[in-house]
Amino acid sequence: MSETHREILRAEHVTKRFGPVTAIEDITVSFYTHQITGIVGDNGAGKSTFVKIISGVEQPTSGQLFFEGRAVKFRSARDARRTGIEAVHQDLGLVESMSVVRNFFLGMEPCRGLLMDMRRMREEAERRLYEIGLRNLKSVDQDVARLSGGERQAISIGRAIAFERKVLILDEPTSALSVKETQKVFDYMRNARQQGLAVLAIMHSMRQILDIADRIVIFWHGRLIADLPNDGMDENVLAEYLHNGLPESATIAT
Ligand SMILES: Nc1ncnc2c1ncn2[C@@H]1O[C@H](COP(=O)(O)OP(=O)(O)OP(=O)(O)O)[C@@H](O)[C@H]1O
Ligand SMILES: [Mg+2]
């Protein structure tokens with residue numbers, strides 16, 4: 001790993017129980033700047049629970065999070081966002097009935113006196129979206145309801161960059177997208193990586209994970225069973241891990 005990769009977020013021995021159900025158990029893992037980590041695992045493996053904990057939506061039953069080396073506790077998603085962690089959940093990210101520019105600044109609006117500074121917001125949103133590669137948006141005043149799935153992802157990713165988040169978490173960012181739109185979203189993700197963000201993406205398509213991730217972590221029955229660099233891994237080998245856990249011969253990395 002090159003020295004441009006700095007540890008930004010670490011989970012140590014994180015366990016989450018919902019009553020009798022153990023959703024994740026003893027997860028220890030770090031995430032680094034300038035790196036895209038793909039998170040994979042079967043349905044119910046604990047992926048969403050894990051990203052909810054590191055983005056402040058849920059609190060761990062036990063275990064500890066560290067941000068830039070300091071122990072942290074997030075009481076809410078807002079808490080995590082303030083620290084520098086932005087999570088985009090597939091359907092909850094944007095407000096349909098609001099414009100692109102309002103969504104871009106939601107909760108972070110710059111003001112002039114008591115009023116929102118709309119001119120500055122428009123200029124900034126247009127510039128940021130153009131910079132990450134969203135080039136053919138007609139107007140930032142149009143409602144989000146009329147955007148494609150890829151364009152919506154662009155707004156969320158552009159927002160995370162604009163507000164200088166350090167960790168960006170995407171839960172299934174491409175599941176509803178065409179091949180072409182998926183490639184655009186991958187470009188936005190690469191752009192976020194280039195800006196130095198640690199990008200975490202949960203994805204179900206093995207091919208897509210292998211295409212975009214620098215590194216792959218595998219969840220299996222609530223545990224993190226493998227943490228692998230993506231250096232020419234075979235799609236079938238990855239699928240095998242997902243369904244059957246690690247082969248006897250493999251070592252478990254944390
Ligand atoms: N709020 C909750 N209450 C009770 N059980 C829960 C809750 N949230 C998650 N679980 C359980 O924890 C386990 C892990 O769920 P989680 O949603 O994290 O899986 P996942 O890997 O994201 O799956 P998928 O790929 O289907 O999205 C499942 O058995 C699930 O039923
Ligand atoms: Mg999930």
# chains A, B, ... in the order shown; residues from 1 in each chain; ligands from 1
>>> residues_near_ligand(ligand="ligand 1", cutoff="9 Å", atoms="only C-alpha atoms and all ligand atoms", output="PyMOL selection string")
chain A and resi 16-24+40-52+58+171-172+202-204+219-222
>>> write_last_selection(atoms="C-alpha atoms", output="CSV table (one decimal), in the first residue's frame")
chain,number,residue,atom,x,y,z
A,16,LYS,CA,-24.4,-5.8,16.9
A,17,ARG,CA,-27.3,-7.8,18.3
A,18,PHE,CA,-30.9,-7.2,17.8
A,19,GLY,CA,-32.5,-9.1,20.7
A,20,PRO,CA,-31.5,-12.7,20.1
A,21,VAL,CA,-30.2,-12.1,16.5
A,22,THR,CA,-26.5,-11.4,16.1
A,23,ALA,CA,-26.3,-9.3,12.9
A,24,ILE,CA,-22.6,-8.8,13.0
A,40,VAL,CA,-19.8,-8.1,-0.6
A,41,GLY,CA,-21.7,-10.9,1.1
A,42,ASP,CA,-24.9,-12.8,0.7
A,43,ASN,CA,-28.3,-11.5,1.8
A,44,GLY,CA,-28.4,-11.2,5.5
A,45,ALA,CA,-24.6,-11.4,5.9
A,46,GLY,CA,-24.6,-8.1,7.9
A,47,LYS,CA,-23.3,-5.6,5.3
A,48,SER,CA,-26.0,-3.0,5.8
A,49,THR,CA,-25.8,-3.3,9.6
A,50,PHE,CA,-22.1,-2.7,9.5
A,51,VAL,CA,-22.4,0.4,7.4
A,52,LYS,CA,-25.2,1.7,9.5
A,58,GLU,CA,-27.1,2.3,14.6
A,171,ASP,CA,-25.2,1.0,-0.3
A,172,GLU,CA,-26.0,-0.6,-3.7
A,202,ILE,CA,-21.8,-2.5,-1.1
A,203,MET,CA,-22.6,-4.3,-4.3
A,204,HIS,CA,-24.1,-7.6,-5.4
A,219,PHE,CA,-19.0,-10.7,5.0
A,220,TRP,CA,-20.3,-14.2,5.7
A,221,HIS,CA,-23.0,-15.0,8.4
A,222,GLY,CA,-22.2,-11.8,10.3
>>> select_by_dssp(residues="range 103-211 of chain A", states="alpha helix (DSSP H)", output="NGL selection string")
:A and (103-105 or 118-131 or 149-162 or 179-194 or 206-211)
>>> closest_residue(among="A:Leu170, A:Leu200, A:Met118, A:Ala154", to="Phe31 in chain A", atoms="only C-alpha atoms")
A:Leu200
>>> residues_around(residues="Ala160 in chain A", least_positions_apart="6", cutoff="10 Å", atoms="only C-alpha atoms", output="list in words")
Arg81, Gly84, Ile85, Glu86, Ala87, Val88, Phe104, Ala154, Lys166, Val167, Leu168, Ile169, Ala192 and Leu197 of chain A
>>> closest_residue(among="A:Ile36, A:Leu114, A:Ala201, A:Val72", to="ligand 2", atoms="only C-alpha atoms and all ligand atoms")
A:Ala201
>>> residues_around(residues="Arg193 in chain A", least_positions_apart="6", cutoff="9 Å", atoms="only C-alpha atoms", output="number ranges by chain")
A: 33-36, 199
>>> closest_residue(among="A:His89, A:Arg82, A:Arg120, A:His13", to="Pro60 in chain A", atoms="only C-alpha atoms")
A:His13
>>> closest_residue(among="A:Arg135, A:Arg207, A:Arg102, A:Arg78", to="Arg119 in chain A", atoms="only C-alpha atoms")
A:Arg102
